[in-house]
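Trainee: Pasting target.pdb here (PDB, C-alpha atoms and all ligand atoms):
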ATOM      1  CA  MET M   9      -8.353 -24.711   4.741
ATOM      2  CA  ASP M  10      -6.521 -23.512   1.649
ATOM      3  CA  THR M  11      -2.714 -23.422   1.461
ATOM      4  CA  ARG M  12      -2.502 -21.704  -1.922
ATOM      5  CA  PRO M  13      -0.540 -18.427  -1.825
ATOM      6  CA  ILE M  14      -1.867 -14.877  -1.586
ATOM      7  CA  GLY M  15      -0.812 -12.490  -4.383
ATOM      8  CA  VAL M  16       0.289  -8.990  -3.392
ATOM      9  CA  PHE M  17       1.213  -6.238  -5.806
ATOM     10  CA  ASP M  18       2.335  -2.658  -5.856
ATOM     11  CA  SER M  19       3.849  -0.177  -8.263
ATOM     12  CA  GLY M  20       7.253  -0.957  -6.781
ATOM     13  CA  LEU M  21       8.779  -1.400  -3.374
ATOM     14  CA  GLY M  22       6.271   0.367  -1.187
ATOM     15  CA  GLY M  23       3.925  -2.603  -0.997
ATOM     16  CA  LEU M  24       6.533  -4.353   1.096
ATOM     17  CA  THR M  25       5.149  -2.412   4.067
ATOM     18  CA  ALA M  26       1.958  -4.441   3.493
ATOM     19  CA  VAL M  27       4.019  -7.647   3.169
ATOM     20  CA  ARG M  28       5.502  -6.925   6.591
ATOM     21  CA  ALA M  29       2.026  -6.490   8.034
ATOM     22  CA  LEU M  30       0.782  -9.676   6.315
ATOM     23  CA  ARG M  31       3.685 -11.719   7.636
ATOM     24  CA  ARG M  32       2.864 -10.559  11.143
ATOM     25  CA  ILE M  33      -0.915 -10.940  10.902
ATOM     26  CA  LEU M  34      -1.019 -14.065   8.692
ATOM     27  CA  PRO M  35       2.309 -15.831   9.385
ATOM     28  CA  ALA M  36       1.127 -19.192   7.996
ATOM     29  CA  GLU M  37       0.401 -17.855   4.515
ATOM     30  CA  ASP M  38       2.627 -18.103   1.446
ATOM     31  CA  LEU M  39       2.900 -14.769  -0.386
ATOM     32  CA  ILE M  40       3.772 -13.938  -3.986
ATOM     33  CA  TYR M  41       4.805 -10.307  -4.293
ATOM     34  CA  PHE M  42       5.019  -8.411  -7.544
ATOM     35  CA  GLY M  43       6.563  -4.923  -7.664
ATOM     36  CA  ASP M  44       6.234  -3.120 -10.996
ATOM     37  CA  THR M  45       9.630  -1.466 -10.593
ATOM     38  CA  ALA M  46      10.013  -0.811 -14.332
ATOM     39  CA  ARG M  47       6.962   1.479 -14.374
ATOM     40  CA  VAL M  48       7.001   3.020 -10.908
ATOM     41  CA  PRO M  49       5.807   5.617  -9.901
ATOM     42  CA  TYR M  50       2.096   5.124 -10.562
ATOM     43  CA  GLY M  51       1.104   8.107  -8.417
ATOM     44  CA  GLY M  52       0.900  10.776 -11.128
ATOM     45  CA  ARG M  53      -0.546   8.658 -13.957
ATOM     46  CA  SER M  54      -3.973   8.713 -15.602
ATOM     47  CA  ARG M  55      -6.799   6.316 -14.725
ATOM     48  CA  GLU M  56      -6.556   4.564 -18.100
ATOM     49  CA  THR M  57      -2.842   3.879 -17.741
ATOM     50  CA  LEU M  58      -3.274   2.736 -14.133
ATOM     51  CA  LEU M  59      -6.022   0.300 -15.079
ATOM     52  CA  LYS M  60      -3.893  -1.120 -17.883
ATOM     53  CA  TYR M  61      -0.895  -1.591 -15.562
ATOM     54  CA  ALA M  62      -3.001  -3.009 -12.716
ATOM     55  CA  SER M  63      -4.716  -5.518 -15.049
ATOM     56  CA  GLN M  64      -1.318  -6.766 -16.221
ATOM     57  CA  ASP M  65      -0.091  -7.024 -12.621
ATOM     58  CA  VAL M  66      -3.154  -9.121 -11.720
ATOM     59  CA  ARG M  67      -2.731 -11.344 -14.796
ATOM     60  CA  PHE M  68       0.878 -12.006 -13.793
ATOM     61  CA  LEU M  69      -0.121 -12.963 -10.237
ATOM     62  CA  ARG M  70      -2.892 -15.165 -11.606
ATOM     63  CA  SER M  71      -0.358 -17.121 -13.627
ATOM     64  CA  PHE M  72       0.178 -18.767 -10.211
ATOM     65  CA  ASP M  73      -2.589 -20.687  -8.496
ATOM     66  CA  ILE M  74      -3.403 -18.004  -5.896
ATOM     67  CA  LYS M  75      -6.422 -17.798  -3.607
ATOM     68  CA  ALA M  76      -6.699 -14.006  -3.141
ATOM     69  CA  ILE M  77      -5.027 -10.716  -4.004
ATOM     70  CA  LEU M  78      -4.079  -7.785  -1.822
ATOM     71  CA  VAL M  79      -3.709  -4.560  -3.790
ATOM     72  CA  ALA M  80      -1.100  -2.912  -1.599
ATOM     73  CA  CYS M  81      -0.853   0.162  -3.835
ATOM     74  CA  GLY M  82      -2.967   3.115  -2.691
ATOM     75  CA  THR M  83      -3.048   4.559  -6.198
ATOM     76  CA  VAL M  84      -4.383   1.337  -7.780
ATOM     77  CA  SER M  85      -6.849   0.861  -4.913
ATOM     78  CA  THR M  86      -8.350   4.335  -5.401
ATOM     79  CA  THR M  87      -8.590   4.196  -9.189
ATOM     80  CA  SER M  88      -8.941   0.591 -10.407
ATOM     81  CA  LEU M  89     -10.200  -1.712  -7.641
ATOM     82  CA  ASP M  90     -13.852  -1.949  -8.765
ATOM     83  CA  THR M  91     -12.847  -2.977 -12.294
ATOM     84  CA  LEU M  92     -10.298  -5.518 -11.077
ATOM     85  CA  GLN M  93     -12.910  -7.044  -8.742
ATOM     86  CA  ALA M  94     -15.520  -7.184 -11.499
ATOM     87  CA  GLU M  95     -13.125  -8.857 -13.925
ATOM     88  CA  ASN M  96     -11.701 -11.489 -11.570
ATOM     89  CA  ASP M  97     -13.368 -14.383  -9.790
ATOM     90  CA  LEU M  98     -11.259 -14.370  -6.626
ATOM     91  CA  PRO M  99     -11.243 -12.102  -3.569
ATOM     92  CA  ILE M 100      -9.351  -8.853  -4.200
ATOM     93  CA  VAL M 101      -8.838  -6.561  -1.225
ATOM     94  CA  GLY M 102      -7.677  -2.964  -1.593
ATOM     95  CA  VAL M 103      -6.504  -0.485   1.003
ATOM     96  CA  VAL M 104      -9.256   2.146   0.904
ATOM     97  CA  GLU M 105     -12.253   0.547   2.659
ATOM     98  CA  PRO M 106     -10.364  -1.024   5.578
ATOM     99  CA  THR M 107      -8.405   2.155   6.196
ATOM    100  CA  CYS M 108     -11.513   4.337   6.130
ATOM    101  CA  ARG M 109     -13.335   1.984   8.507
ATOM    102  CA  ARG M 110     -10.445   2.180  10.947
ATOM    103  CA  ALA M 111     -10.226   5.969  10.674
ATOM    104  CA  LEU M 112     -13.931   6.317  11.453
ATOM    105  CA  ALA M 113     -13.554   4.028  14.469
ATOM    106  CA  VAL M 114     -10.770   6.267  15.766
ATOM    107  CA  THR M 115     -12.004   9.816  15.092
ATOM    108  CA  LYS M 116     -13.885  11.686  17.797
ATOM    109  CA  THR M 117     -14.069  15.073  16.079
ATOM    110  CA  LYS M 118     -15.339  13.467  12.833
ATOM    111  CA  ARG M 119     -12.669  15.359  10.963
ATOM    112  CA  VAL M 120     -10.353  13.069   9.083
ATOM    113  CA  GLY M 121      -7.333  13.983   6.976
ATOM    114  CA  VAL M 122      -6.032  11.951   4.030
ATOM    115  CA  ILE M 123      -2.567  12.202   2.521
ATOM    116  CA  ALA M 124      -1.773  10.192  -0.610
ATOM    117  CA  THR M 125      -0.444  10.418  -4.158
ATOM    118  CA  LEU M 126      -1.804  12.886  -6.695
ATOM    119  CA  ALA M 127      -3.848  10.224  -8.525
ATOM    120  CA  SER M 128      -5.391   8.996  -5.254
ATOM    121  CA  ILE M 129      -6.382  12.477  -4.078
ATOM    122  CA  ARG M 130      -7.646  13.365  -7.579
ATOM    123  CA  SER M 131      -9.855  10.242  -7.568
ATOM    124  CA  GLY M 132     -11.727  11.493  -4.473
ATOM    125  CA  MET M 133     -12.083   7.843  -3.457
ATOM    126  CA  TYR M 134     -11.008   8.178   0.175
ATOM    127  CA  GLU M 135     -13.376  11.092   0.685
ATOM    128  CA  ALA M 136     -16.291   9.331  -1.067
ATOM    129  CA  THR M 137     -15.748   6.132   0.937
ATOM    130  CA  LEU M 138     -15.524   7.967   4.263
ATOM    131  CA  ARG M 139     -18.733   9.902   3.504
ATOM    132  CA  ARG M 140     -20.556   6.775   2.363
ATOM    133  CA  MET M 141     -19.663   5.123   5.668
ATOM    134  CA  ASP M 142     -20.493   8.225   7.729
ATOM    135  CA  PRO M 143     -22.201  11.182   5.999
ATOM    136  CA  ALA M 144     -21.364  13.438   8.968
ATOM    137  CA  VAL M 145     -17.618  13.152   8.527
ATOM    138  CA  GLU M 146     -15.530  16.047   7.210
ATOM    139  CA  VAL M 147     -12.534  15.164   5.083
ATOM    140  CA  VAL M 148      -9.412  17.161   4.238
ATOM    141  CA  GLY M 149      -7.216  15.670   1.515
ATOM    142  CA  ARG M 150      -3.714  16.569   0.444
ATOM    143  CA  ALA M 151      -1.429  15.116  -2.221
ATOM    144  CA  CYS M 152       2.214  14.725  -1.157
ATOM    145  CA  PRO M 153       4.019  13.865  -4.422
ATOM    146  CA  LEU M 154       7.561  14.350  -3.093
ATOM    147  CA  PHE M 155       7.198  11.837  -0.274
ATOM    148  CA  VAL M 156       7.609   8.749  -2.501
ATOM    149  CA  PRO M 157      10.916   9.730  -4.159
ATOM    150  CA  LEU M 158      12.322  10.969  -0.849
ATOM    151  CA  VAL M 159      11.498   7.712   0.958
ATOM    152  CA  GLU M 160      12.977   5.681  -1.906
ATOM    153  CA  ASN M 161      16.148   7.718  -1.535
ATOM    154  CA  ARG M 162      16.198   6.944   2.185
ATOM    155  CA  ARG M 163      15.403  10.494   3.238
ATOM    156  CA  TYR M 164      12.708   9.506   5.715
ATOM    157  CA  GLN M 165      14.217   9.830   9.169
ATOM    158  CA  ARG M 166      13.577  12.476  11.771
ATOM    159  CA  GLY M 167      16.331  15.075  11.735
ATOM    160  CA  ASP M 168      16.711  14.900   7.932
ATOM    161  CA  VAL M 169      16.291  18.520   6.933
ATOM    162  CA  VAL M 170      14.987  17.723   3.432
ATOM    163  CA  ILE M 171      12.120  15.438   4.459
ATOM    164  CA  GLU M 172      11.256  17.633   7.443
ATOM    165  CA  THR M 173      11.039  20.762   5.282
ATOM    166  CA  VAL M 174       8.886  19.038   2.641
ATOM    167  CA  ALA M 175       6.671  17.406   5.263
ATOM    168  CA  ARG M 176       6.081  20.721   7.032
ATOM    169  CA  GLU M 177       5.052  22.357   3.779
ATOM    170  CA  TYR M 178       2.547  19.571   3.018
ATOM    171  CA  LEU M 179       1.212  19.070   6.526
ATOM    172  CA  GLU M 180       1.163  22.579   7.998
ATOM    173  CA  PRO M 181      -2.121  23.469   6.194
ATOM    174  CA  LEU M 182      -3.738  20.380   7.763
ATOM    175  CA  ARG M 183      -2.900  21.527  11.272
ATOM    176  CA  GLY M 184      -5.532  23.707  12.848
ATOM    177  CA  THR M 185      -8.319  22.168  10.761
ATOM    178  CA  GLY M 186      -9.511  20.198  13.812
ATOM    179  CA  LEU M 187      -8.696  16.795  12.391
ATOM    180  CA  ASP M 188      -7.829  14.146  14.981
ATOM    181  CA  THR M 189      -7.133  11.285  12.541
ATOM    182  CA  LEU M 190      -4.852  11.199   9.518
ATOM    183  CA  ILE M 191      -4.969   8.426   6.912
ATOM    184  CA  LEU M 192      -1.576   7.553   5.429
ATOM    185  CA  GLY M 193      -3.057   6.543   2.081
ATOM    186  CA  CYS M 194       0.121   5.490   0.310
ATOM    187  CA  THR M 195       2.463   2.521   0.672
ATOM    188  CA  HIS M 196       5.503   4.643   1.435
ATOM    189  CA  TYR M 197       4.104   6.811   4.195
ATOM    190  CA  PRO M 198       4.382   4.310   7.085
ATOM    191  CA  LEU M 199       8.127   4.919   6.897
ATOM    192  CA  LEU M 200       7.444   8.584   7.608
ATOM    193  CA  VAL M 201       5.400   7.954  10.749
ATOM    194  CA  ASP M 202       7.923   9.621  13.085
ATOM    195  CA  VAL M 203       8.284  12.720  10.914
ATOM    196  CA  ILE M 204       4.535  13.068  10.358
ATOM    197  CA  ALA M 205       3.647  12.390  14.011
ATOM    198  CA  GLU M 206       6.018  15.088  15.186
ATOM    199  CA  ILE M 207       4.495  17.704  12.891
ATOM    200  CA  MET M 208       0.865  16.722  13.493
ATOM    201  CA  GLY M 209       1.310  16.421  17.280
ATOM    202  CA  PRO M 210      -0.033  13.946  19.827
ATOM    203  CA  GLY M 211      -3.695  14.841  19.226
ATOM    204  CA  VAL M 212      -3.705  13.249  15.761
ATOM    205  CA  THR M 213      -3.864   9.451  15.317
ATOM    206  CA  LEU M 214      -2.152   8.103  12.202
ATOM    207  CA  VAL M 215      -3.907   5.241  10.391
ATOM    208  CA  SER M 216      -1.771   3.215   8.023
ATOM    209  CA  ALA M 217      -3.253   1.585   4.917
ATOM    210  CA  GLY M 218      -1.168  -1.600   4.645
ATOM    211  CA  GLU M 219      -1.872  -2.812   8.148
ATOM    212  CA  GLU M 220      -5.633  -2.331   7.994
ATOM    213  CA  SER M 221      -5.918  -4.135   4.657
ATOM    214  CA  ALA M 222      -3.968  -7.117   6.030
ATOM    215  CA  TYR M 223      -6.612  -7.481   8.764
ATOM    216  CA  GLU M 224      -9.364  -7.150   6.141
ATOM    217  CA  LEU M 225      -7.793  -9.904   4.052
ATOM    218  CA  LYS M 226      -7.618 -12.121   7.133
ATOM    219  CA  ARG M 227     -11.356 -11.603   7.757
ATOM    220  CA  THR M 228     -12.137 -12.349   4.092
ATOM    221  CA  LEU M 229     -10.146 -15.597   4.109
ATOM    222  CA  GLN M 230     -11.613 -16.594   7.468
ATOM    223  CA  ALA M 231     -15.152 -16.083   6.168
ATOM    224  CA  GLY M 232     -14.426 -18.333   3.172
ATOM    225  CA  ASP M 233     -12.651 -20.953   5.331
ATOM    226  CA  ALA M 234      -9.585 -20.302   3.174
ATOM    227  CA  LEU M 235      -6.863 -19.665   5.779
ATOM    228  CA  SER M 236      -3.791 -21.910   5.839
ATOM    229  CA  PRO M 237      -3.412 -24.222   8.860
ATOM    230  CA  PRO M 238      -1.912 -22.144  11.708
ATOM    231  CA  ASP M 239       0.918 -24.621  12.401
ATOM    232  CA  ARG M 240       2.708 -23.963   9.097
ATOM    233  CA  ARG M 241       5.196 -21.182   8.355
ATOM    234  CA  GLY M 242       4.588 -19.202   5.189
ATOM    235  CA  ALA M 243       7.239 -18.228   2.624
ATOM    236  CA  THR M 244       7.389 -15.178   0.330
ATOM    237  CA  ALA M 245       8.461 -15.126  -3.332
ATOM    238  CA  PHE M 246       9.407 -11.771  -4.880
ATOM    239  CA  TYR M 247       9.044 -10.759  -8.533
ATOM    240  CA  VAL M 248       9.860  -7.406 -10.126
ATOM    241  CA  SER M 249       9.763  -5.927 -13.625
ATOM    242  CA  ASP M 250      13.211  -4.257 -13.496
ATOM    243  CA  ARG M 251      16.618  -5.020 -11.999
ATOM    244  CA  ALA M 252      16.242  -7.446  -9.088
ATOM    245  CA  GLU M 253      19.492  -6.214  -7.498
ATOM    246  CA  ASP M 254      18.148  -2.656  -7.166
ATOM    247  CA  PHE M 255      14.930  -3.951  -5.677
ATOM    248  CA  GLU M 256      16.751  -6.052  -3.096
ATOM    249  CA  GLU M 257      18.896  -3.135  -1.991
ATOM    250  CA  THR M 258      15.986  -0.821  -1.202
ATOM    251  CA  ALA M 259      13.623  -3.604  -0.128
ATOM    252  CA  SER M 260      15.578  -3.991   3.090
ATOM    253  CA  VAL M 261      14.362  -0.537   4.155
ATOM    254  CA  PHE M 262      10.707  -1.481   3.718
ATOM    255  CA  LEU M 263      10.928  -5.054   4.979
ATOM    256  CA  GLN M 264      13.543  -4.387   7.652
ATOM    257  CA  GLU M 265      15.377  -7.532   6.629
ATOM    258  CA  GLU M 266      18.085  -8.237   4.057
ATOM    259  CA  LEU M 267      17.207  -9.931   0.751
ATOM    260  CA  HIS M 268      19.907 -11.743  -1.239
ATOM    261  CA  HIS M 269      19.105 -13.262  -4.625
ATOM    262  CA  ALA M 270      15.526 -13.529  -3.467
ATOM    263  CA  ALA M 271      13.844 -11.565  -6.253
ATOM    264  CA  GLN M 272      13.278 -12.608  -9.858
ATOM    265  CA  ARG M 273      12.790 -10.290 -12.828
ATOM    266  CA  ILE M 274       9.859 -10.903 -15.203
ATOM    267  CA  ASP M 275       8.635  -9.196 -18.382
ATOM    268  CA  ILE M 276       5.319  -7.603 -17.399
ATOM    269  CA  ASP M 277       4.536  -6.670 -21.013
ATOM    270  CA  GLN M 278       3.868 -10.346 -21.691
ATOM    271  CA  TYR M 279       0.787 -10.268 -19.456
TER     272      TYR M 279
HETATM  273  N1  LIG M 301       2.430   2.592  -4.360
HETATM  274  C1  LIG M 301       1.979   3.953  -4.552
HETATM  275  C2  LIG M 301       0.773   4.222  -3.661
HETATM  276  O1  LIG M 301       0.586   3.590  -2.636
HETATM  277  C3  LIG M 301       3.080   4.934  -4.280
HETATM  278  C4  LIG M 301       4.222   4.883  -5.258
HETATM  279  C5  LIG M 301       3.828   5.281  -6.663
HETATM  280  O2  LIG M 301       3.461   6.442  -6.896
HETATM  281  O3  LIG M 301       3.867   4.413  -7.501
HETATM  282  O4  LIG M 301      -0.017   5.071  -3.977
END
Is it possible to give me this structure as structure tokens?
Ligand code: DGL

Mentor:
Amino acid sequence: MDTRPIGVFDSGLGGLTAVRALRRILPAEDLIYFGDTARVPYGGRSRETLLKYASQDVRFLRSFDIKAILVACGTVSTTSLDTLQAENDLPIVGVVEPTCRRALAVTKTKRVGVIATLASIRSGMYEATLRRMDPAVEVVGRACPLFVPLVENRRYQRGDVVIETVAREYLEPLRGTGLDTLILGCTHYPLLVDVIAEIMGPGVTLVSAGEESAYELKRTLQAGDALSPPDRRGATAFYVSDRAEDFEETASVFLQEELHHAAQRIDIDQY
């Protein structure tokens, strides 16, 4: 048993979709969340910059006595995970492997689609991981750079003409390619499930990154006998690198609960 907290980080607010999944799947665990709101979005940045940011994010989380880290950010997971794991002596789980494993368990046609940020698609990491796990799989990838700003501006509901138009433009080319499984490889996309499902149709199963990585983290902690006792109730602390008030306002969308004076601002450049 180990009651130390789990660190979770993301470029900003999107990782709160993973926090929601963690709270459901591991309700006894304490969580420390860091959202790099001063430097979001990560999705269009270079590998070097992403590694620098991600290393600082990890150093901040490690200023607490944590037992593991969940990299909720798809962009960091696709570009920097190996280096972070090599440089740190604690379990670090990213979103790519668990999501790919789930997608391969679901697909019958062995044609899997991936939508994610520009940096994630450019990295080729989802495709490489899927092929390593199953060389027979065919992968279609597509970057959807406008999804993140639209979700953050609350334009994510069905019936919203802006998000529906953008989503059709991104997703239409994926229809008719025979894919039966679509990986939502970015923190923000679970909020678009209804819009995406309507365009892709009932024959396509959507696999969401945050949820699968929460299960993976649970397995990792279980294997190391590092879960908290099941009879306790975990708490979450929130840290951000820009205005806490702005974070709290939008966080309610991702967490589906109100936050009041719950987040604290830190200076990430000190790490
Ligand atoms: N968190 C990022 C991801 O999952 C999306 C937001 C951003 O571009 O920073 O890829």

Trainee: Written as a list in words, which residues does the PyMOL selection byres (((chain M and resi 19-33) around 6) and not hetatm) give for the file shown?

Mentor: Asp18, Leu34, Pro35, Gly43, Asp44, Thr45, Val48, Ala80, Thr195, His196, Gly218, Glu219, Ala222, Phe262 and Leu263 of chain M

Trainee: Counting all atoms listed in the file, what is within 9 Å of M:Val261, bar same-chain residues fewer than 6 positions away, as a list in words?

Mentor: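 Using all atoms listed in the file, the neighbours found are Glu160, Arg162 and Leu199 of chain M.
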
Trainee: Measuring between all atoms listed in the file, which one of M:Ser221, M:Thr125, M:Thr244, M:Gln165 shows the shortest distance to M:Ala205?

Mentor: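 Among the listed residues, M:Gln165 lies closest to M:Ala205.
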
Trainee: Which residues are close to M:Arg251, i.e. within 12 Å by all atoms listed in the file, leaving aside same-chain residues fewer than 6 positions away? Reply as a list in words.

Mentor: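 In the requested form, the answer reads Gly20, Gly43, Asp44, Thr45, Ala46, Arg47, Glu257, Thr258, His269, Ala271, Gln272, Arg273, Ile274 and Asp275 of chain M.
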
Trainee: Nearest to ligand LIG 301 (chain M) among M:Gly184, M:Pro237, M:Gly121, M:Gly82, with distances taken over only C-alpha atoms and all ligand atoms: which residue is it?

Mentor: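 Once distances to ligand LIG 301 (chain M) are computed over only C-alpha atoms and all ligand atoms, the minimum belongs to M:Gly82.
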
Trainee: Up to 12 Å from (-8.2, -7.1, 7.9) in the file's coordinates: name the residues, counting all atoms listed in the file, as a ChimeraX atom specification.

Mentor: /M:26,29-30,33-34,78,101-107,109-110,217-231

Trainee: Pick the closest to M:Ala124 from M:Leu192, M:Cys108, M:Val147, M:Ile204: which is it, counting only C-alpha atoms?

Mentor: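 Closest to M:Ala124 of all the choices is M:Leu192.
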
Trainee: Between atom CA of M:Thr189 and atom C5 of ligand LIG 301 (chain M), what is the distance in Å, rounded to a tenth?

Mentor: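 Straight-line distance from atom CA of M:Thr189 to atom C5 of ligand LIG 301 (chain M) works out to 22.9 Å.
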